[in-house]
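model_3.cif (mmCIF, C-alpha atoms, pLDDT in the B column; chains and numbers go by the auth columns) appears below.
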```
data_run
loop_
_atom_site.group_PDB
_atom_site.id
_atom_site.type_symbol
_atom_site.label_atom_id
_atom_site.label_comp_id
_atom_site.label_asym_id
_atom_site.label_seq_id
_atom_site.Cartn_x
_atom_site.Cartn_y
_atom_site.Cartn_z
_atom_site.B_iso_or_equiv
_atom_site.auth_seq_id
_atom_site.auth_asym_id
ATOM 1 C CA MET A 1 7.964 14.603 98.020 45.00 20 A
ATOM 2 C CA GLY A 2 6.286 11.994 95.951 51.00 21 A
ATOM 3 C CA LEU A 3 3.539 14.379 94.814 50.00 22 A
ATOM 4 C CA LYS A 4 6.006 17.120 94.056 51.00 23 A
ATOM 5 C CA ALA A 5 8.144 14.714 92.057 55.00 24 A
ATOM 6 C CA MET A 6 5.077 13.541 90.174 55.00 25 A
ATOM 7 C CA LYS A 7 4.148 17.112 89.282 48.00 26 A
ATOM 8 C CA MET A 8 7.667 17.793 88.099 53.00 27 A
ATOM 9 C CA GLY A 9 7.636 14.628 86.003 51.00 28 A
ATOM 10 C CA ILE A 10 4.323 15.606 84.372 50.00 29 A
ATOM 11 C CA GLY A 11 5.683 19.091 83.676 47.00 30 A
ATOM 12 C CA ILE A 12 8.808 17.712 82.077 46.00 31 A
ATOM 13 C CA LEU A 13 6.714 15.289 79.998 44.00 32 A
ATOM 14 C CA LEU A 14 4.453 18.080 78.781 41.00 33 A
ATOM 15 C CA SER A 15 7.488 20.187 77.949 40.00 34 A
ATOM 16 C CA LEU A 16 8.965 17.338 75.939 38.00 35 A
ATOM 17 C CA ILE A 17 5.675 16.814 74.062 38.00 36 A
ATOM 18 C CA LEU A 18 5.358 20.507 73.276 35.00 37 A
ATOM 19 C CA TYR A 19 8.913 20.851 72.035 35.00 38 A
ATOM 20 C CA LEU A 20 9.257 17.569 70.148 38.00 39 A
ATOM 21 C CA PRO A 21 10.192 18.113 66.453 39.00 40 A
ATOM 22 C CA PRO A 22 7.336 17.508 63.980 40.00 41 A
ATOM 23 C CA ALA A 23 6.898 13.759 63.515 41.00 42 A
ATOM 24 C CA SER A 24 4.982 14.012 60.240 51.00 43 A
ATOM 25 C CA ALA A 25 7.002 16.642 58.418 65.00 44 A
ATOM 26 C CA GLY A 26 6.725 16.133 54.650 82.00 45 A
ATOM 27 C CA THR A 27 4.116 16.763 51.967 80.00 46 A
ATOM 28 C CA ALA A 28 0.467 15.840 51.526 81.00 47 A
ATOM 29 C CA TYR A 29 -2.303 16.532 49.032 76.00 48 A
ATOM 30 C CA VAL A 30 -5.842 17.698 49.526 79.00 49 A
ATOM 31 C CA ASP A 31 -7.884 14.696 48.460 74.00 50 A
ATOM 32 C CA ASP A 32 -10.462 14.627 45.701 70.00 51 A
ATOM 33 C CA LEU A 33 -13.932 16.168 45.980 66.00 52 A
ATOM 34 C CA HIS A 34 -12.935 18.502 48.784 68.00 53 A
ATOM 35 C CA LYS A 35 -12.206 22.169 49.137 84.00 54 A
ATOM 36 C CA ILE A 36 -10.851 22.510 52.646 91.00 55 A
ATOM 37 C CA THR A 37 -10.348 25.399 55.028 93.00 56 A
ATOM 38 C CA VAL A 38 -7.050 26.308 56.661 96.00 57 A
ATOM 39 C CA ARG A 39 -7.474 27.622 60.246 96.00 58 A
ATOM 40 C CA LEU A 40 -5.183 29.341 62.684 95.00 59 A
ATOM 41 C CA GLY A 41 -5.441 26.447 65.139 95.00 60 A
ATOM 42 C CA PRO A 42 -6.412 22.789 65.330 95.00 61 A
ATOM 43 C CA GLY A 43 -10.148 23.227 65.739 94.00 62 A
ATOM 44 C CA VAL A 44 -13.265 24.569 64.090 93.00 63 A
ATOM 45 C CA ASP A 45 -13.340 27.447 66.544 95.00 64 A
ATOM 46 C CA TYR A 46 -10.223 28.954 65.074 96.00 65 A
ATOM 47 C CA LYS A 47 -10.355 31.578 62.347 96.00 66 A
ATOM 48 C CA ILE A 48 -10.202 30.505 58.678 96.00 67 A
ATOM 49 C CA ILE A 49 -7.197 32.027 56.976 96.00 68 A
ATOM 50 C CA GLN A 50 -7.564 30.386 53.541 94.00 69 A
ATOM 51 C CA THR A 51 -9.342 27.709 51.525 93.00 70 A
ATOM 52 C CA VAL A 52 -7.430 25.306 49.260 92.00 71 A
ATOM 53 C CA PRO A 53 -8.921 23.223 46.433 89.00 72 A
ATOM 54 C CA SER A 54 -8.654 19.507 45.772 85.00 73 A
ATOM 55 C CA GLY A 55 -5.252 18.375 44.537 85.00 74 A
ATOM 56 C CA THR A 56 -3.306 21.188 46.250 88.00 75 A
ATOM 57 C CA ARG A 57 0.102 20.067 47.460 89.00 76 A
ATOM 58 C CA LEU A 58 0.870 21.186 51.012 91.00 77 A
ATOM 59 C CA ALA A 59 3.968 20.953 53.168 93.00 78 A
ATOM 60 C CA THR A 60 3.058 19.254 56.441 94.00 79 A
ATOM 61 C CA VAL A 61 4.640 20.415 59.690 93.00 80 A
ATOM 62 C CA ASP A 62 2.874 18.694 62.584 93.00 81 A
ATOM 63 C CA THR A 63 -0.238 16.722 63.556 93.00 82 A
ATOM 64 C CA LYS A 64 -2.504 17.013 66.584 92.00 83 A
ATOM 65 C CA ASN A 65 -5.836 15.433 67.487 93.00 84 A
ATOM 66 C CA GLY A 66 -6.915 14.722 63.912 94.00 85 A
ATOM 67 C CA TRP A 67 -5.532 18.010 62.613 96.00 86 A
ATOM 68 C CA THR A 68 -2.407 18.646 60.538 96.00 87 A
ATOM 69 C CA ARG A 69 -0.368 21.795 60.549 96.00 88 A
ATOM 70 C CA VAL A 70 0.604 22.845 57.017 95.00 89 A
ATOM 71 C CA ARG A 71 2.708 25.505 55.339 95.00 90 A
ATOM 72 C CA LEU A 72 0.972 27.473 52.578 93.00 91 A
ATOM 73 C CA SER A 73 2.552 28.758 49.390 89.00 92 A
ATOM 74 C CA ASP A 74 2.986 32.209 50.943 92.00 93 A
ATOM 75 C CA SER A 75 4.849 30.603 53.915 92.00 94 A
ATOM 76 C CA ARG A 76 1.961 31.101 56.326 94.00 95 A
ATOM 77 C CA LYS A 77 1.069 28.186 58.552 95.00 96 A
ATOM 78 C CA GLY A 78 -2.325 26.851 59.491 96.00 97 A
ATOM 79 C CA TRP A 79 -4.263 23.756 60.461 97.00 98 A
ATOM 80 C CA VAL A 80 -6.440 21.475 58.316 94.00 99 A
ATOM 81 C CA VAL A 81 -8.489 18.362 59.069 93.00 100 A
ATOM 82 C CA SER A 82 -6.137 15.396 58.644 93.00 101 A
ATOM 83 C CA ARG A 83 -8.693 13.090 57.012 91.00 102 A
ATOM 84 C CA TYR A 84 -8.936 15.446 54.046 88.00 103 A
ATOM 85 C CA LEU A 85 -5.263 14.904 53.244 90.00 104 A
ATOM 86 C CA THR A 86 -3.651 12.005 51.386 87.00 105 A
ATOM 87 C CA ASP A 87 -0.047 10.991 50.893 85.00 106 A
ATOM 88 C CA GLU A 88 -0.667 10.035 47.273 81.00 107 A
ATOM 89 C CA MET A 89 -1.415 12.403 44.478 78.00 108 A
ATOM 90 C CA PRO A 90 -5.216 12.507 43.975 71.00 109 A
ATOM 91 C CA ASP A 91 -6.694 11.042 40.813 71.00 110 A
ATOM 92 C CA SER A 92 -7.786 14.463 39.601 66.00 111 A
ATOM 93 C CA LYS A 93 -4.224 15.732 39.942 65.00 112 A
ATOM 94 C CA LYS A 94 -2.884 12.624 38.223 67.00 113 A
ATOM 95 C CA TYR A 95 -5.406 13.163 35.452 64.00 114 A
ATOM 96 C CA GLU A 96 -4.276 16.760 34.941 68.00 115 A
ATOM 97 C CA ALA A 97 -0.629 15.679 34.889 66.00 116 A
ATOM 98 C CA LEU A 98 -1.355 12.886 32.457 70.00 117 A
ATOM 99 C CA LYS A 99 -3.440 15.242 30.347 73.00 118 A
ATOM 100 C CA LYS A 100 -0.483 17.613 30.055 77.00 119 A
ATOM 101 C CA LYS A 101 1.809 14.739 29.153 75.00 120 A
ATOM 102 C CA CYS A 102 -0.707 13.369 26.676 74.00 121 A
ATOM 103 C CA ALA A 103 -1.376 16.702 24.961 75.00 122 A
ATOM 104 C CA PRO A 104 1.649 16.347 22.613 83.00 123 A
ATOM 105 C CA LEU A 105 0.715 12.710 22.024 77.00 124 A
ATOM 106 C CA GLU A 106 -2.858 13.725 21.162 75.00 125 A
ATOM 107 C CA LYS A 107 -1.473 16.165 18.599 80.00 126 A
ATOM 108 C CA GLN A 108 0.652 13.381 17.149 79.00 127 A
ATOM 109 C CA VAL A 109 -2.413 11.119 17.086 78.00 128 A
ATOM 110 C CA ASP A 110 -4.353 13.822 15.219 84.00 129 A
ATOM 111 C CA LYS A 111 -1.508 14.096 12.700 83.00 130 A
ATOM 112 C CA LEU A 112 -1.397 10.321 12.338 84.00 131 A
ATOM 113 C CA LYS A 113 -5.175 10.236 11.832 86.00 132 A
ATOM 114 C CA ALA A 114 -4.889 12.889 9.124 87.00 133 A
ATOM 115 C CA ALA A 115 -2.017 10.979 7.496 86.00 134 A
ATOM 116 C CA ASN A 116 -4.002 7.749 7.755 85.00 135 A
ATOM 117 C CA SER A 117 -7.018 9.419 6.133 85.00 136 A
ATOM 118 C CA THR A 118 -4.798 10.602 3.276 89.00 137 A
ATOM 119 C CA LEU A 119 -3.322 7.116 2.924 85.00 138 A
ATOM 120 C CA GLN A 120 -6.800 5.596 2.836 88.00 139 A
ATOM 121 C CA LYS A 121 -7.811 7.985 0.050 86.00 140 A
ATOM 122 C CA ASP A 122 -4.622 7.163 -1.860 88.00 141 A
ATOM 123 C CA ASN A 123 -5.284 3.469 -1.263 84.00 142 A
ATOM 124 C CA ARG A 124 -8.797 3.784 -2.719 88.00 143 A
ATOM 125 C CA VAL A 125 -7.406 5.562 -5.794 89.00 144 A
ATOM 126 C CA LEU A 126 -4.685 2.938 -6.195 85.00 145 A
ATOM 127 C CA SER A 127 -7.248 0.152 -5.747 86.00 146 A
ATOM 128 C CA LYS A 128 -9.319 1.612 -8.586 85.00 147 A
ATOM 129 C CA LYS A 129 -6.224 1.916 -10.772 89.00 148 A
ATOM 130 C CA LEU A 130 -5.243 -1.648 -9.901 86.00 149 A
ATOM 131 C CA ALA A 131 -8.720 -2.901 -10.808 88.00 150 A
ATOM 132 C CA GLY A 132 -8.486 -1.036 -14.135 88.00 151 A
ATOM 133 C CA ALA A 133 -5.022 -2.479 -14.764 88.00 152 A
ATOM 134 C CA ARG A 134 -6.319 -5.980 -14.034 88.00 153 A
ATOM 135 C CA ASP A 135 -9.206 -5.497 -16.464 89.00 154 A
ATOM 136 C CA ALA A 136 -6.802 -4.189 -19.101 89.00 155 A
ATOM 137 C CA LEU A 137 -4.501 -7.153 -18.495 88.00 156 A
ATOM 138 C CA ALA A 138 -7.414 -9.579 -18.853 88.00 157 A
ATOM 139 C CA THR A 139 -8.410 -7.912 -22.132 88.00 158 A
ATOM 140 C CA THR A 140 -4.804 -7.999 -23.351 88.00 159 A
ATOM 141 C CA ARG A 141 -4.543 -11.690 -22.498 86.00 160 A
ATOM 142 C CA ALA A 142 -7.796 -12.424 -24.346 85.00 161 A
ATOM 143 C CA ASN A 143 -6.546 -10.499 -27.372 87.00 162 A
ATOM 144 C CA TYR A 144 -3.248 -12.339 -27.169 85.00 163 A
ATOM 145 C CA GLU A 145 -4.991 -15.699 -27.137 85.00 164 A
ATOM 146 C CA GLU A 146 -7.061 -14.647 -30.162 82.00 165 A
ATOM 147 C CA LEU A 147 -3.948 -13.462 -31.977 81.00 166 A
ATOM 148 C CA LYS A 148 -2.184 -16.663 -30.999 78.00 167 A
ATOM 149 C CA ALA A 149 -5.023 -18.741 -32.424 80.00 168 A
ATOM 150 C CA ALA A 150 -5.130 -16.562 -35.539 77.00 169 A
ATOM 151 C CA SER A 151 -1.370 -16.852 -35.869 74.00 170 A
ATOM 152 C CA ALA A 152 -1.660 -20.638 -35.718 76.00 171 A
ATOM 153 C CA ASP A 153 -4.250 -20.476 -38.489 75.00 172 A
ATOM 154 C CA VAL A 154 -2.003 -18.173 -40.518 74.00 173 A
ATOM 155 C CA LEU A 155 0.936 -20.529 -40.117 78.00 174 A
ATOM 156 C CA LYS A 156 -1.272 -23.427 -41.130 80.00 175 A
ATOM 157 C CA LEU A 157 -2.477 -21.526 -44.214 79.00 176 A
ATOM 158 C CA LYS A 158 1.078 -20.520 -45.013 82.00 177 A
ATOM 159 C CA SER A 159 2.179 -24.141 -44.829 83.00 178 A
ATOM 160 C CA GLU A 160 -0.725 -25.211 -47.050 84.00 179 A
ATOM 161 C CA ASN A 161 0.024 -22.378 -49.491 81.00 180 A
ATOM 162 C CA GLU A 162 3.663 -23.435 -49.636 87.00 181 A
ATOM 163 C CA LYS A 163 2.592 -27.014 -50.364 87.00 182 A
ATOM 164 C CA LEU A 164 0.155 -25.829 -53.061 84.00 183 A
ATOM 165 C CA ALA A 165 2.832 -23.554 -54.523 85.00 184 A
ATOM 166 C CA SER A 166 5.237 -26.485 -54.647 87.00 185 A
ATOM 167 C CA ARG A 167 2.629 -28.677 -56.311 85.00 186 A
ATOM 168 C CA LEU A 168 1.757 -25.854 -58.730 84.00 187 A
ATOM 169 C CA LYS A 169 5.427 -25.382 -59.568 87.00 188 A
ATOM 170 C CA LYS A 170 5.794 -29.070 -60.289 86.00 189 A
ATOM 171 C CA LYS A 171 2.652 -29.030 -62.465 83.00 190 A
ATOM 172 C CA ARG A 172 3.916 -25.981 -64.324 85.00 191 A
ATOM 173 C CA GLN A 173 7.232 -27.695 -64.870 87.00 192 A
ATOM 174 C CA LYS A 174 5.379 -30.789 -66.096 84.00 193 A
ATOM 175 C CA ILE A 175 3.179 -28.666 -68.366 84.00 194 A
ATOM 176 C CA ALA A 176 6.247 -26.862 -69.703 82.00 195 A
ATOM 177 C CA SER A 177 7.890 -30.203 -70.365 83.00 196 A
ATOM 178 C CA LEU A 178 4.753 -31.447 -72.109 80.00 197 A
ATOM 179 C CA GLU A 179 4.544 -28.248 -74.122 77.00 198 A
ATOM 180 C CA ASN A 180 8.150 -28.676 -75.166 81.00 199 A
ATOM 181 C CA ARG A 181 7.494 -32.248 -76.150 81.00 200 A
ATOM 182 C CA VAL A 182 4.330 -31.302 -78.065 73.00 201 A
ATOM 183 C CA SER A 183 6.157 -28.446 -79.738 71.00 202 A
ATOM 184 C CA ASP A 184 8.973 -30.738 -80.753 72.00 203 A
ATOM 185 C CA ALA A 185 6.460 -33.302 -82.043 72.00 204 A
ATOM 186 C CA LEU A 186 4.556 -30.673 -84.033 70.00 205 A
ATOM 187 C CA LEU A 187 7.771 -29.273 -85.438 65.00 206 A
ATOM 188 C CA SER A 188 8.917 -32.736 -86.440 71.00 207 A
ATOM 189 C CA LYS A 189 5.567 -33.473 -88.064 70.00 208 A
ATOM 190 C CA ALA A 190 5.501 -30.154 -89.873 66.00 209 A
ATOM 191 C CA LEU A 191 9.019 -30.734 -91.057 67.00 210 A
ATOM 192 C CA LYS A 192 8.021 -34.131 -92.373 68.00 211 A
ATOM 193 C CA TRP A 193 5.038 -32.666 -94.180 73.00 212 A
ATOM 194 C CA PHE A 194 7.228 -29.899 -95.508 70.00 213 A
ATOM 195 C CA LEU A 195 9.787 -32.361 -96.793 71.00 214 A
ATOM 196 C CA ALA A 196 7.055 -34.572 -98.240 70.00 215 A
ATOM 197 C CA GLY A 197 5.488 -31.608 -100.035 73.00 216 A
ATOM 198 C CA ALA A 198 8.846 -30.448 -101.294 69.00 217 A
ATOM 199 C CA GLY A 199 9.556 -33.948 -102.605 70.00 218 A
ATOM 200 C CA VAL A 200 6.246 -34.062 -104.430 73.00 219 A
ATOM 201 C CA LEU A 201 6.919 -30.659 -105.897 77.00 220 A
ATOM 202 C CA ILE A 202 10.361 -31.620 -107.067 78.00 221 A
ATOM 203 C CA LEU A 203 9.024 -34.868 -108.476 74.00 222 A
ATOM 204 C CA GLY A 204 6.337 -32.947 -110.343 75.00 223 A
ATOM 205 C CA ILE A 205 8.939 -30.612 -111.750 78.00 224 A
ATOM 206 C CA ILE A 206 11.060 -33.540 -112.865 76.00 225 A
ATOM 207 C CA ILE A 207 8.085 -35.285 -114.459 75.00 226 A
ATOM 208 C CA GLY A 208 7.038 -32.072 -116.177 73.00 227 A
ATOM 209 C CA ALA A 209 10.503 -31.492 -117.581 69.00 228 A
ATOM 210 C CA SER A 210 10.684 -35.049 -118.802 68.00 229 A
ATOM 211 C CA GLY A 211 7.348 -34.693 -120.646 64.00 230 A
ATOM 212 C CA ARG A 212 8.422 -31.531 -122.356 65.00 231 A
ATOM 213 C CA ARG A 213 11.548 -33.211 -123.587 64.00 232 A
ATOM 214 C CA LYS A 214 9.532 -36.079 -125.052 60.00 233 A
ATOM 215 C CA ARG A 215 7.197 -33.715 -126.864 60.00 234 A
ATOM 216 C CA SER A 216 10.162 -31.778 -128.280 60.00 235 A
ATOM 217 C CA SER A 217 11.747 -34.927 -129.655 59.00 236 A
ATOM 218 C CA LEU A 218 8.555 -35.939 -131.397 55.00 237 A
ATOM 219 C CA LEU A 219 8.325 -32.639 -133.207 57.00 238 A
#
```

Can I see the file as structure tokens?
Amino acid sequence: MGLKAMKMGIGILLSLILYLPPASAGTAYVDDLHKITVRLGPGVDYKIIQTVPSGTRLATVDTKNGWTRVRLSDSRKGWVVSRYLTDEMPDSKKYEALKKKCAPLEKQVDKLKAANSTLQKDNRVLSKKLAGARDALATTRANYEELKAASADVLKLKSENEKLASRLKKKRQKIASLENRVSDALLSKALKWFLAGAGVLILGIIIGASGRRKRSSLL
């Protein structure tokens, strides 16, 4: 009875093992640098039903003796070597995903580069214009300083001219006064000479008349 019970226990245990639900149900990826074969059973003696490339996502169903049962995209099931699978997305797959995400960003970067190139060209043009404006400003300042100095000289000359004009006016006034005085003196002298001459003339006339009278009386 002990042997029979043992056989029954082993049979029940095997039945439980065979009918246990998959313990590793989920998803896995074919790891990098591998292109693996999917077989009908868990061993190299079984027929190959398909090959899957690196990065392929597979639905896992069961594991057995270093093999994993997977479900393919067409719903067929097969077995692959477990060590060629990984729970994490392979780097190559991550790279492809990132590349897709980065594609729009790369386009934006290209646009920004083009815009930056245009801005750099505009900046060079503006820098040249700014340099020209600075040179023009320096020239204008130099001309202003020259005009300022010349203006100071002009003001100085104007002040001197005004002083000379004032002095000349005073001299002219003095000369006019002297001329008036000389004119008055000459007129007074001429009048005196005129009166003296007239007196002599009148005296001569008187003397002449007196002489004629004396000669008439003697006759």

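Here the PyMOL selection byres ((chain A and resi 68) around 9) catches exactly these residues: A:Thr56, A:Val57, A:Arg58, A:Leu59, A:Lys66, A:Ile67, A:Gln69, A:Thr70, A:Gly97.
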
Checklist entry - Of the candidates A:Val89, A:Asp106, A:Gln139, A:Ser94, which one gets nearest to A:Gly74 if we count all atoms listed in the file? => result A:Asp106

Checklist entry - Applied to this file, what does the PyMOL selection byres ((chain A and resi 76) around 6) return in terms of residues, put as a VMD selection string? => result chain A and resid 47 to 48 75 77

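Between atom CA of A:Lys189 and atom CA of A:Lys175 the separation is 21.2 Å.
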
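From atom CA of A:Gly45 back to atom CA of A:Val80, the distance works out to 6.9 Å.
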
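If all atoms listed in the file are the atoms counted, then among A:Leu166, A:Val173, A:Ile55, A:Leu104 the closest residue to A:Thr82 is A:Leu104.
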
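With atom CA of A:Val63 on one side and atom CA of A:Lys96 on the other, the separation reads 15.8 Å.
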
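Selection by the PyMOL selection byres ((chain A and resi 50) around 8) on the present file picks out Tyr48, Val49, Asp51, Leu52, His53, Ser73, Gly74, Tyr103, Leu104, Thr105, Met108 and Pro109 of chain A.
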
Checklist entry - Given the choices A:Asp64, A:Leu205, A:Lys54, A:Thr46, which gets closest to A:Asp81 if the distance is worked out from only C-alpha atoms? => result A:Thr46
